[in-house]
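See structure below.
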Amino acid sequence: MSLSSQQKVTATSPTMGELTKPTLIQSTVLGGTAAMFAVNFTHPIELVKTRVQVSHDGIIKTCSATMRNEGIAAFWKGIPWAYCREGSYTAIRLGAYAPVRDAIGAGSPDAPILMKFLAGAITGAVGSVAGNPFDVLKTLSQTNKGTSKPLMTLVGQMYSDQGVKGFYRGVEVNVMRACVLNATKMGVYDIAKGKVVDSTGWTRKDPRTAFFSSFLAGFFMTCTVAPFDRIRTNLMNQPTDKKIYNGLTDCFVKTVKEEGVLSLWRGFIPIWARFAPMATLQLLTIEFLYDACGFKSI
């Protein structure tokens, strides 16, 4: 082989030991795996948050009533639907973020902030459509304070009362919520990692970098998502045989009129208590999986 040919091969071949980027499918599978692991720990907080939003009771009263009347296992009501949700919705919005971000040219640390937010919004929107049926069923399971209904009974009851469209109740606000949530979560996380690396000298793969960046992302997620979360809960918690709200706008107007603007942030503390560990667990886990598979970090 001539010298020029050797130089050409060297220039085009990856350096030995160089980390590769995961494909869209690979990253989505890893994102779903990370999310399904994390939800085991955050589901009880999600249940308390949902019940606080619906019942107007405080956190302590909700926790004590649930424990007294239903037992500790009640905090995991709806966990099968949560697994389905994480394996669809979160798998896409978390796992597909890096490939989509790179595809639209926002992969470099100095890429425009809005482009990173756009990548998060795109994956969040697509994921929310895929996971909406499981979101509806999870919400109904969590707010049910009686004996847990078998999975297929709940599905059959919903389909009998409202048909397929019943599984997509609240999909409009869910898409908007997912866009805001994932744009904030992944955008802030991505940007924060760069800032943490610059200020500390840690690498982007360092668990400390991921921890501090994800915790910060969890706080900003709560600030931007809480109003959407409240409206979504109201829409999805409607009885299967009754329609209380005529869509997103009607739900928003009635909620503000009856309970005030600040009611949109009801449950802020449990939402943050869920988002902070959820974001941290999900992002730490997917970074671990990326590293275990030999992929570049987010």
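All residue names refer to the structure tokens as shown: chains lettered A, B, ... in order, residues numbered from 1 in each chain, ligands numbered from 1 in order.
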
Quick one: residues within 10 Å of Ile191 of chain A, only C-alpha atoms, excluding same-chain residues fewer than 6 positions away - as a compact mmCIF listing (two decimals) with all heavy atoms, in the first residue's frame?
```txt
# COMPACT_ATOMS: atom_id res chain seq x y z
N PRO A 109 -21.06 21.15 21.84
CA PRO A 109 -21.31 21.89 23.08
C PRO A 109 -21.69 23.35 22.85
O PRO A 109 -22.43 23.94 23.65
CB PRO A 109 -19.97 21.78 23.83
CG PRO A 109 -19.35 20.53 23.29
CD PRO A 109 -19.74 20.49 21.84
N ASP A 110 -21.20 23.95 21.76
CA ASP A 110 -21.48 25.36 21.50
C ASP A 110 -22.65 25.56 20.53
O ASP A 110 -22.87 26.65 20.01
CB ASP A 110 -20.25 26.07 20.95
CG ASP A 110 -19.72 25.41 19.66
OD1 ASP A 110 -20.18 24.29 19.35
OD2 ASP A 110 -18.87 26.01 19.00
N ALA A 111 -23.45 24.51 20.30
CA ALA A 111 -24.62 24.62 19.42
C ALA A 111 -25.65 25.54 20.07
O ALA A 111 -25.70 25.66 21.30
CB ALA A 111 -25.23 23.24 19.18
N PRO A 112 -26.48 26.20 19.28
CA PRO A 112 -27.50 27.11 19.83
C PRO A 112 -28.40 26.42 20.84
O PRO A 112 -28.83 25.28 20.63
CB PRO A 112 -28.29 27.54 18.59
CG PRO A 112 -27.33 27.38 17.45
CD PRO A 112 -26.49 26.18 17.80
N ILE A 113 -28.68 27.12 21.93
CA ILE A 113 -29.52 26.55 22.98
C ILE A 113 -30.89 26.15 22.46
O ILE A 113 -31.43 25.09 22.80
CB ILE A 113 -29.66 27.56 24.14
CG1 ILE A 113 -28.31 27.79 24.82
CG2 ILE A 113 -30.69 27.08 25.16
CD1 ILE A 113 -28.34 28.86 25.90
N LYS A 116 -31.11 22.71 20.93
CA LYS A 116 -31.15 21.62 21.90
C LYS A 116 -32.56 21.49 22.49
O LYS A 116 -33.06 20.39 22.70
CB LYS A 116 -30.13 21.87 23.02
CG LYS A 116 -28.68 21.85 22.54
CD LYS A 116 -27.71 22.06 23.67
CE LYS A 116 -26.26 22.14 23.20
NZ LYS A 116 -25.77 20.88 22.65
N PHE A 117 -33.19 22.64 22.75
CA PHE A 117 -34.56 22.62 23.25
C PHE A 117 -35.50 22.05 22.19
O PHE A 117 -36.45 21.34 22.51
CB PHE A 117 -35.00 24.02 23.66
CG PHE A 117 -34.58 24.41 25.04
CD1 PHE A 117 -33.26 24.74 25.31
CD2 PHE A 117 -35.48 24.43 26.09
CE1 PHE A 117 -32.84 25.09 26.59
CE2 PHE A 117 -35.09 24.78 27.38
CZ PHE A 117 -33.77 25.10 27.62
N SER A 213 -26.06 18.06 37.00
CA SER A 213 -26.78 18.57 35.83
C SER A 213 -28.23 18.09 35.82
O SER A 213 -29.15 18.85 35.52
CB SER A 213 -26.07 18.13 34.54
OG SER A 213 -24.74 18.60 34.51
N ALA A 217 -31.79 20.16 36.19
CA ALA A 217 -32.82 20.00 35.17
C ALA A 217 -34.16 19.66 35.81
O ALA A 217 -35.21 20.15 35.38
CB ALA A 217 -32.42 18.90 34.19
```

Segment 78-279 of chain A: which residues are alpha helix (DSSP H) by DSSP, as a CSV table (one decimal) with N, CA and C atoms, in the first residue's frame?
```csv
chain,number,residue,atom,x,y,z
A,79,ILE,N,-48.6,0.5,38.6
A,79,ILE,CA,-47.2,0.3,38.2
A,79,ILE,C,-47.1,-0.5,36.8
A,80,PRO,N,-48.0,-1.4,36.5
A,80,PRO,CA,-47.9,-2.1,35.2
A,80,PRO,C,-48.1,-1.1,34.1
A,81,TRP,N,-49.0,-0.1,34.3
A,81,TRP,CA,-49.2,0.9,33.2
A,81,TRP,C,-48.0,1.8,33.2
A,82,ALA,N,-47.4,2.1,34.3
A,82,ALA,CA,-46.2,2.9,34.4
A,82,ALA,C,-45.1,2.3,33.6
A,83,TYR,N,-44.9,1.0,33.7
A,83,TYR,CA,-43.9,0.3,32.9
A,83,TYR,C,-44.1,0.5,31.4
A,84,CYS,N,-45.4,0.3,31.0
A,84,CYS,CA,-45.8,0.5,29.6
A,84,CYS,C,-45.5,1.9,29.1
A,85,ARG,N,-45.8,2.9,30.0
A,85,ARG,CA,-45.6,4.3,29.7
A,85,ARG,C,-44.1,4.6,29.5
A,91,ALA,N,-39.0,6.1,26.7
A,91,ALA,CA,-38.0,5.5,25.9
A,91,ALA,C,-37.7,6.4,24.7
A,92,ILE,N,-38.7,7.1,24.1
A,92,ILE,CA,-38.5,7.9,23.0
A,92,ILE,C,-38.0,9.3,23.4
A,93,ARG,N,-38.6,9.9,24.4
A,93,ARG,CA,-38.2,11.3,24.7
A,93,ARG,C,-36.8,11.3,25.4
A,94,LEU,N,-36.4,10.3,26.1
A,94,LEU,CA,-35.1,10.2,26.7
A,94,LEU,C,-34.1,9.6,25.8
A,95,GLY,N,-34.4,8.4,25.2
A,95,GLY,CA,-33.4,7.7,24.4
A,95,GLY,C,-33.2,8.3,23.0
A,97,TYR,N,-33.3,11.5,22.2
A,97,TYR,CA,-32.9,12.9,22.3
A,97,TYR,C,-31.5,13.0,21.6
A,98,ALA,N,-30.5,12.3,22.0
A,98,ALA,CA,-29.2,12.5,21.5
A,98,ALA,C,-29.1,12.3,20.0
A,99,PRO,N,-29.7,11.2,19.4
A,99,PRO,CA,-29.6,11.0,18.0
A,99,PRO,C,-30.4,12.1,17.2
A,100,VAL,N,-31.5,12.6,17.7
A,100,VAL,CA,-32.3,13.6,17.1
A,100,VAL,C,-31.5,15.0,17.2
A,101,ARG,N,-30.9,15.2,18.3
A,101,ARG,CA,-30.1,16.4,18.5
A,101,ARG,C,-29.0,16.5,17.5
A,102,ASP,N,-28.3,15.4,17.4
A,102,ASP,CA,-27.2,15.3,16.4
A,102,ASP,C,-27.7,15.4,15.0
A,103,ALA,N,-28.8,14.9,14.7
A,103,ALA,CA,-29.4,14.9,13.4
A,103,ALA,C,-29.7,16.3,12.9
A,113,ILE,N,-28.7,27.1,21.9
A,113,ILE,CA,-29.5,26.5,23.0
A,113,ILE,C,-30.9,26.2,22.5
A,114,LEU,N,-31.5,27.0,21.6
A,114,LEU,CA,-32.8,26.7,21.1
A,114,LEU,C,-32.9,25.4,20.3
A,115,MET,N,-31.8,25.1,19.6
A,115,MET,CA,-31.7,23.8,18.9
A,115,MET,C,-31.8,22.6,19.8
A,116,LYS,N,-31.1,22.7,20.9
A,116,LYS,CA,-31.2,21.6,21.9
A,116,LYS,C,-32.6,21.5,22.5
A,117,PHE,N,-33.2,22.6,22.7
A,117,PHE,CA,-34.6,22.6,23.2
A,117,PHE,C,-35.5,22.0,22.2
A,118,LEU,N,-35.2,22.3,20.9
A,118,LEU,CA,-36.1,21.8,19.8
A,118,LEU,C,-36.0,20.3,19.8
A,119,ALA,N,-34.8,19.8,19.9
A,119,ALA,CA,-34.6,18.3,19.9
A,119,ALA,C,-35.4,17.7,21.0
A,120,GLY,N,-35.4,18.3,22.2
A,120,GLY,CA,-36.1,17.8,23.3
A,120,GLY,C,-37.6,17.8,23.1
A,121,ALA,N,-38.1,18.9,22.5
A,121,ALA,CA,-39.5,19.1,22.2
A,121,ALA,C,-40.0,18.1,21.2
A,122,ILE,N,-39.2,17.8,20.2
A,122,ILE,CA,-39.6,16.8,19.1
A,122,ILE,C,-39.7,15.4,19.7
A,123,THR,N,-38.7,15.0,20.4
A,123,THR,CA,-38.8,13.6,21.0
A,123,THR,C,-39.9,13.5,22.1
A,124,GLY,N,-40.1,14.6,22.8
A,124,GLY,CA,-41.2,14.6,23.8
A,124,GLY,C,-42.5,14.5,23.2
A,125,ALA,N,-42.8,15.2,22.1
A,125,ALA,CA,-44.1,15.2,21.4
A,125,ALA,C,-44.4,13.8,20.9
A,126,VAL,N,-43.4,13.2,20.2
A,126,VAL,CA,-43.6,11.9,19.6
A,126,VAL,C,-43.8,10.9,20.7
A,127,GLY,N,-43.1,10.9,21.7
A,127,GLY,CA,-43.2,10.0,22.8
A,127,GLY,C,-44.5,10.1,23.5
A,128,SER,N,-45.1,11.3,23.7
A,128,SER,CA,-46.3,11.5,24.4
A,128,SER,C,-47.5,10.9,23.6
A,129,VAL,N,-47.5,10.9,22.3
A,129,VAL,CA,-48.5,10.3,21.5
A,129,VAL,C,-48.5,8.8,21.7
A,130,ALA,N,-47.3,8.2,21.7
A,130,ALA,CA,-47.1,6.8,21.8
A,130,ALA,C,-47.6,6.3,23.2
A,131,GLY,N,-47.3,7.1,24.2
A,131,GLY,CA,-47.6,6.7,25.6
A,131,GLY,C,-48.9,7.1,26.2
A,132,ASN,N,-49.7,7.9,25.5
A,132,ASN,CA,-50.9,8.5,26.0
A,132,ASN,C,-51.9,7.5,26.6
A,133,PRO,N,-52.2,6.4,25.9
A,133,PRO,CA,-53.1,5.4,26.4
A,133,PRO,C,-52.7,4.8,27.8
A,134,PHE,N,-51.4,4.6,27.9
A,134,PHE,CA,-50.9,4.1,29.2
A,134,PHE,C,-50.9,5.2,30.3
A,135,ASP,N,-50.7,6.4,29.9
A,135,ASP,CA,-50.8,7.5,30.8
A,135,ASP,C,-52.2,7.6,31.4
A,136,VAL,N,-53.2,7.5,30.5
A,136,VAL,CA,-54.6,7.6,31.0
A,136,VAL,C,-54.9,6.4,32.0
A,137,LEU,N,-54.5,5.2,31.6
A,137,LEU,CA,-54.8,4.1,32.5
A,137,LEU,C,-54.1,4.1,33.8
A,138,LYS,N,-52.8,4.7,33.7
A,138,LYS,CA,-52.0,4.8,35.0
A,138,LYS,C,-52.7,5.8,35.9
A,139,THR,N,-53.2,6.9,35.3
A,139,THR,CA,-53.8,8.0,36.2
A,139,THR,C,-55.1,7.4,36.8
A,140,LEU,N,-55.9,6.7,36.1
A,140,LEU,CA,-57.1,6.1,36.6
A,140,LEU,C,-56.8,5.1,37.7
A,141,SER,N,-55.8,4.3,37.5
A,141,SER,CA,-55.4,3.4,38.5
A,141,SER,C,-54.9,4.0,39.8
A,142,GLN,N,-54.1,5.1,39.6
A,142,GLN,CA,-53.5,5.8,40.8
A,142,GLN,C,-54.6,6.5,41.7
A,143,THR,N,-55.6,7.1,41.0
A,143,THR,CA,-56.6,7.8,41.7
A,143,THR,C,-57.7,6.9,42.3
A,151,LEU,N,-56.2,-5.3,35.1
A,151,LEU,CA,-55.7,-4.5,34.0
A,151,LEU,C,-56.7,-4.6,32.8
A,152,MET,N,-57.1,-5.8,32.4
A,152,MET,CA,-58.0,-5.9,31.3
A,152,MET,C,-59.4,-5.4,31.6
A,153,THR,N,-59.8,-5.4,32.8
A,153,THR,CA,-61.1,-4.9,33.2
A,153,THR,C,-61.1,-3.4,33.0
A,154,LEU,N,-60.1,-2.7,33.4
A,154,LEU,CA,-60.0,-1.3,33.2
A,154,LEU,C,-59.9,-0.9,31.7
A,155,VAL,N,-59.2,-1.7,30.9
A,155,VAL,CA,-59.1,-1.5,29.5
A,155,VAL,C,-60.5,-1.7,28.8
A,156,GLY,N,-61.1,-2.8,29.2
A,156,GLY,CA,-62.4,-3.1,28.6
A,156,GLY,C,-63.5,-2.1,29.0
A,157,GLN,N,-63.4,-1.6,30.2
A,157,GLN,CA,-64.4,-0.6,30.7
A,157,GLN,C,-64.2,0.7,29.9
A,158,MET,N,-63.0,1.1,29.7
A,158,MET,CA,-62.7,2.4,29.0
A,158,MET,C,-63.1,2.2,27.5
A,159,TYR,N,-62.8,1.1,26.9
A,159,TYR,CA,-63.2,0.9,25.5
A,159,TYR,C,-64.7,0.9,25.3
A,160,SER,N,-65.4,0.2,26.3
A,160,SER,CA,-66.8,0.1,26.2
A,160,SER,C,-67.5,1.4,26.3
A,161,ASP,N,-67.0,2.3,27.2
A,161,ASP,CA,-67.6,3.6,27.5
A,161,ASP,C,-67.3,4.7,26.5
A,162,GLN,N,-66.0,4.7,26.0
A,162,GLN,CA,-65.6,5.8,25.1
A,162,GLN,C,-64.9,5.4,23.9
A,171,VAL,N,-54.8,14.1,25.2
A,171,VAL,CA,-53.6,14.0,24.4
A,171,VAL,C,-53.0,15.4,24.0
A,172,GLU,N,-53.9,16.4,23.8
A,172,GLU,CA,-53.4,17.7,23.4
A,172,GLU,C,-52.5,18.3,24.4
A,173,VAL,N,-53.0,18.3,25.7
A,173,VAL,CA,-52.2,18.9,26.8
A,173,VAL,C,-51.0,18.0,27.1
A,174,ASN,N,-51.1,16.7,26.8
A,174,ASN,CA,-50.0,15.8,27.1
A,174,ASN,C,-48.8,16.0,26.1
A,175,VAL,N,-49.2,16.3,24.8
A,175,VAL,CA,-48.2,16.7,23.9
A,175,VAL,C,-47.5,18.0,24.2
A,176,MET,N,-48.3,19.0,24.6
A,176,MET,CA,-47.7,20.3,25.0
A,176,MET,C,-46.8,20.1,26.3
A,177,ARG,N,-47.3,19.3,27.2
A,177,ARG,CA,-46.6,19.1,28.4
A,177,ARG,C,-45.3,18.4,28.1
A,178,ALA,N,-45.3,17.4,27.2
A,178,ALA,CA,-44.1,16.6,26.9
A,178,ALA,C,-43.1,17.5,26.2
A,179,CYS,N,-43.6,18.4,25.3
A,179,CYS,CA,-42.7,19.3,24.6
A,179,CYS,C,-41.9,20.2,25.6
A,180,VAL,N,-42.7,20.8,26.5
A,180,VAL,CA,-42.1,21.7,27.5
A,180,VAL,C,-41.2,20.9,28.4
A,181,LEU,N,-41.7,19.8,28.9
A,181,LEU,CA,-40.9,19.0,29.9
A,181,LEU,C,-39.6,18.5,29.3
A,182,ASN,N,-39.7,17.9,28.1
A,182,ASN,CA,-38.4,17.3,27.5
A,182,ASN,C,-37.5,18.4,27.0
A,183,ALA,N,-38.0,19.5,26.5
A,183,ALA,CA,-37.2,20.6,26.1
A,183,ALA,C,-36.4,21.2,27.3
A,184,THR,N,-37.1,21.3,28.4
A,184,THR,CA,-36.5,21.8,29.6
A,184,THR,C,-35.5,20.8,30.2
A,185,LYS,N,-36.0,19.6,30.3
A,185,LYS,CA,-35.1,18.5,30.9
A,185,LYS,C,-33.8,18.3,30.1
A,186,MET,N,-34.0,17.9,28.9
A,186,MET,CA,-32.8,17.6,28.1
A,186,MET,C,-32.0,18.8,27.7
A,187,GLY,N,-32.7,19.9,27.4
A,187,GLY,CA,-31.9,21.1,27.1
A,187,GLY,C,-31.1,21.6,28.2
A,188,VAL,N,-31.7,21.8,29.4
A,188,VAL,CA,-31.0,22.2,30.6
A,188,VAL,C,-29.9,21.2,31.0
A,189,TYR,N,-30.2,20.0,30.9
A,189,TYR,CA,-29.2,18.9,31.2
A,189,TYR,C,-28.0,19.0,30.3
A,190,ASP,N,-28.3,19.2,29.0
A,190,ASP,CA,-27.2,19.2,28.0
A,190,ASP,C,-26.3,20.5,28.3
A,191,ILE,N,-27.0,21.6,28.5
A,191,ILE,CA,-26.3,22.9,28.7
A,191,ILE,C,-25.5,22.9,30.0
A,192,ALA,N,-26.2,22.4,31.1
A,192,ALA,CA,-25.6,22.3,32.4
A,192,ALA,C,-24.4,21.5,32.4
A,193,LYS,N,-24.4,20.4,31.7
A,193,LYS,CA,-23.2,19.5,31.6
A,193,LYS,C,-22.0,20.3,31.1
A,194,GLY,N,-22.2,21.1,30.1
A,194,GLY,CA,-21.1,21.9,29.6
A,194,GLY,C,-20.6,22.9,30.6
A,195,LYS,N,-21.5,23.5,31.3
A,195,LYS,CA,-21.1,24.5,32.3
A,195,LYS,C,-20.4,23.8,33.5
A,196,VAL,N,-20.9,22.6,33.9
A,196,VAL,CA,-20.2,21.9,35.0
A,196,VAL,C,-18.8,21.5,34.6
A,197,VAL,N,-18.7,21.0,33.4
A,197,VAL,CA,-17.4,20.6,32.9
A,197,VAL,C,-16.4,21.7,32.9
A,198,ASP,N,-16.8,22.9,32.4
A,198,ASP,CA,-16.0,24.1,32.3
A,198,ASP,C,-15.6,24.6,33.7
A,199,SER,N,-16.5,24.5,34.7
A,199,SER,CA,-16.2,25.1,36.0
A,199,SER,C,-15.5,24.1,36.9
A,200,THR,N,-15.6,22.8,36.7
A,200,THR,CA,-15.0,21.8,37.6
A,200,THR,C,-13.8,21.1,37.0
A,207,PRO,N,-19.9,10.7,36.7
A,207,PRO,CA,-21.2,10.6,37.3
A,207,PRO,C,-21.5,11.9,38.1
A,208,ARG,N,-20.5,12.6,38.6
A,208,ARG,CA,-20.8,13.8,39.3
A,208,ARG,C,-21.3,14.9,38.4
A,209,THR,N,-20.8,14.9,37.2
A,209,THR,CA,-21.4,15.9,36.2
A,209,THR,C,-22.8,15.6,35.9
A,210,ALA,N,-23.1,14.3,35.7
A,210,ALA,CA,-24.5,13.9,35.4
A,210,ALA,C,-25.4,14.2,36.6
A,211,PHE,N,-25.0,13.9,37.8
A,211,PHE,CA,-25.8,14.1,39.0
A,211,PHE,C,-26.2,15.6,39.1
A,212,PHE,N,-25.2,16.5,39.1
A,212,PHE,CA,-25.5,17.9,39.4
A,212,PHE,C,-26.4,18.5,38.2
A,213,SER,N,-26.1,18.1,37.0
A,213,SER,CA,-26.8,18.6,35.8
A,213,SER,C,-28.2,18.1,35.8
A,214,SER,N,-28.4,16.8,36.2
A,214,SER,CA,-29.8,16.3,36.2
A,214,SER,C,-30.6,16.8,37.3
A,215,PHE,N,-30.0,17.1,38.4
A,215,PHE,CA,-30.8,17.7,39.6
A,215,PHE,C,-31.3,19.1,39.2
A,216,LEU,N,-30.4,19.8,38.6
A,216,LEU,CA,-30.8,21.2,38.1
A,216,LEU,C,-31.9,21.1,37.1
A,217,ALA,N,-31.8,20.2,36.2
A,217,ALA,CA,-32.8,20.0,35.2
A,217,ALA,C,-34.2,19.7,35.8
A,218,GLY,N,-34.1,18.9,36.9
A,218,GLY,CA,-35.4,18.5,37.6
A,218,GLY,C,-36.1,19.7,38.2
A,219,PHE,N,-35.3,20.6,38.7
A,219,PHE,CA,-36.0,21.8,39.3
A,219,PHE,C,-36.7,22.7,38.2
A,220,PHE,N,-36.0,22.9,37.1
A,220,PHE,CA,-36.5,23.8,36.1
A,220,PHE,C,-37.7,23.1,35.4
A,221,MET,N,-37.6,21.7,35.3
A,221,MET,CA,-38.8,21.0,34.8
A,221,MET,C,-40.0,21.2,35.6
A,222,THR,N,-39.9,21.2,36.9
A,222,THR,CA,-41.1,21.4,37.7
A,222,THR,C,-41.7,22.8,37.5
A,223,CYS,N,-40.8,23.8,37.4
A,223,CYS,CA,-41.3,25.2,37.2
A,223,CYS,C,-42.1,25.3,35.9
A,224,THR,N,-41.7,24.7,34.9
A,224,THR,CA,-42.3,24.9,33.6
A,224,THR,C,-43.5,23.9,33.3
A,225,VAL,N,-43.4,22.8,33.9
A,225,VAL,CA,-44.4,21.7,33.6
A,225,VAL,C,-45.6,21.6,34.5
A,226,ALA,N,-45.5,22.1,35.8
A,226,ALA,CA,-46.5,22.0,36.7
A,226,ALA,C,-47.9,22.4,36.2
A,227,PRO,N,-48.1,23.5,35.6
A,227,PRO,CA,-49.5,23.9,35.1
A,227,PRO,C,-50.0,22.8,34.1
A,228,PHE,N,-49.1,22.4,33.1
A,228,PHE,CA,-49.6,21.4,32.2
A,228,PHE,C,-49.9,20.1,32.8
A,229,ASP,N,-49.1,19.7,33.9
A,229,ASP,CA,-49.3,18.5,34.6
A,229,ASP,C,-50.7,18.5,35.3
A,230,ARG,N,-51.0,19.7,35.9
A,230,ARG,CA,-52.3,19.8,36.6
A,230,ARG,C,-53.5,19.6,35.6
A,231,ILE,N,-53.5,20.3,34.5
A,231,ILE,CA,-54.5,20.2,33.5
A,231,ILE,C,-54.6,18.8,32.9
A,232,ARG,N,-53.5,18.2,32.7
A,232,ARG,CA,-53.5,16.8,32.2
A,232,ARG,C,-54.1,15.8,33.2
A,233,THR,N,-53.8,16.0,34.4
A,233,THR,CA,-54.4,15.1,35.5
A,233,THR,C,-55.9,15.3,35.5
A,234,ASN,N,-56.4,16.5,35.4
A,234,ASN,CA,-57.8,16.7,35.5
A,234,ASN,C,-58.5,16.1,34.3
A,235,LEU,N,-57.9,16.2,33.1
A,235,LEU,CA,-58.5,15.6,31.9
A,235,LEU,C,-58.5,14.1,31.9
A,236,MET,N,-57.4,13.5,32.4
A,236,MET,CA,-57.2,12.1,32.4
A,236,MET,C,-58.0,11.4,33.5
A,248,LEU,N,-59.0,20.8,26.2
A,248,LEU,CA,-58.0,21.5,26.9
A,248,LEU,C,-58.4,22.8,27.4
A,249,THR,N,-58.9,23.7,26.5
A,249,THR,CA,-59.2,25.0,26.9
A,249,THR,C,-60.3,25.1,27.9
A,250,ASP,N,-61.3,24.3,27.8
A,250,ASP,CA,-62.4,24.2,28.7
A,250,ASP,C,-61.9,23.8,30.1
A,251,CYS,N,-61.0,22.8,30.2
A,251,CYS,CA,-60.5,22.4,31.4
A,251,CYS,C,-59.6,23.5,32.1
A,252,PHE,N,-58.8,24.2,31.3
A,252,PHE,CA,-58.0,25.3,31.8
A,252,PHE,C,-58.9,26.4,32.4
A,253,VAL,N,-59.9,26.8,31.6
A,253,VAL,CA,-60.8,27.9,32.1
A,253,VAL,C,-61.5,27.5,33.3
A,254,LYS,N,-62.1,26.3,33.4
A,254,LYS,CA,-62.8,25.9,34.6
A,254,LYS,C,-61.9,25.8,35.8
A,255,THR,N,-60.7,25.2,35.6
A,255,THR,CA,-59.8,25.1,36.7
A,255,THR,C,-59.4,26.4,37.3
A,256,VAL,N,-59.0,27.4,36.5
A,256,VAL,CA,-58.6,28.7,36.9
A,256,VAL,C,-59.8,29.4,37.6
A,257,LYS,N,-61.0,29.3,36.9
A,257,LYS,CA,-62.2,30.0,37.4
A,257,LYS,C,-62.6,29.5,38.8
A,258,GLU,N,-62.5,28.2,39.0
A,258,GLU,CA,-63.0,27.6,40.2
A,258,GLU,C,-62.0,27.6,41.3
A,259,GLU,N,-60.7,27.5,41.0
A,259,GLU,CA,-59.7,27.4,42.0
A,259,GLU,C,-58.6,28.4,42.0
A,268,PHE,N,-46.8,21.3,43.7
A,268,PHE,CA,-45.4,21.6,43.2
A,268,PHE,C,-44.3,20.8,44.0
A,269,ILE,N,-44.5,20.7,45.3
A,269,ILE,CA,-43.5,20.0,46.1
A,269,ILE,C,-43.4,18.5,45.7
A,270,PRO,N,-44.5,17.8,45.7
A,270,PRO,CA,-44.4,16.4,45.2
A,270,PRO,C,-44.0,16.2,43.8
A,271,ILE,N,-44.4,17.2,42.9
A,271,ILE,CA,-43.9,17.1,41.5
A,271,ILE,C,-42.4,17.2,41.5
A,272,TRP,N,-41.8,18.2,42.2
A,272,TRP,CA,-40.4,18.4,42.3
A,272,TRP,C,-39.7,17.1,43.0
A,273,ALA,N,-40.4,16.7,44.0
A,273,ALA,CA,-39.9,15.5,44.7
A,273,ALA,C,-39.8,14.3,43.8
A,274,ARG,N,-40.7,14.3,42.8
A,274,ARG,CA,-40.6,13.2,41.8
A,274,ARG,C,-39.7,13.5,40.7
A,275,PHE,N,-39.7,14.7,40.1
A,275,PHE,CA,-38.9,15.1,39.0
A,275,PHE,C,-37.4,15.0,39.3
A,276,ALA,N,-37.0,15.6,40.4
A,276,ALA,CA,-35.6,15.6,40.8
A,276,ALA,C,-35.0,14.2,40.8
A,277,PRO,N,-35.5,13.3,41.6
A,277,PRO,CA,-34.9,11.9,41.6
A,277,PRO,C,-35.1,11.2,40.3
A,278,MET,N,-36.3,11.5,39.7
A,278,MET,CA,-36.6,10.8,38.4
A,278,MET,C,-35.6,11.2,37.3
A,279,ALA,N,-35.4,12.5,37.2
A,279,ALA,CA,-34.4,13.0,36.2
A,279,ALA,C,-33.0,12.5,36.5
```

Just give me the gap between atom CA of Gly31 of chain A and atom CA of Tyr89 of chain A in Å, one decimal is fine.
9.9 Å

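Note that atom CA of Gly294 of chain A and atom CA of Pro22 of chain A are 8.9 Å apart.
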
Residue neighbourhood segment 51-54 of chain A, 6 Å, only C-alpha atoms, exclusion window fewer than 3 positions, as a VMD selection string
chain A and resid 48 57 143 267

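Between Thr50 of chain A and the candidates A:Leu284, A:Cys63, A:Leu19, A:Ala38, the tightest atom-to-atom separation, counting only C-alpha atoms, involves A:Cys63.
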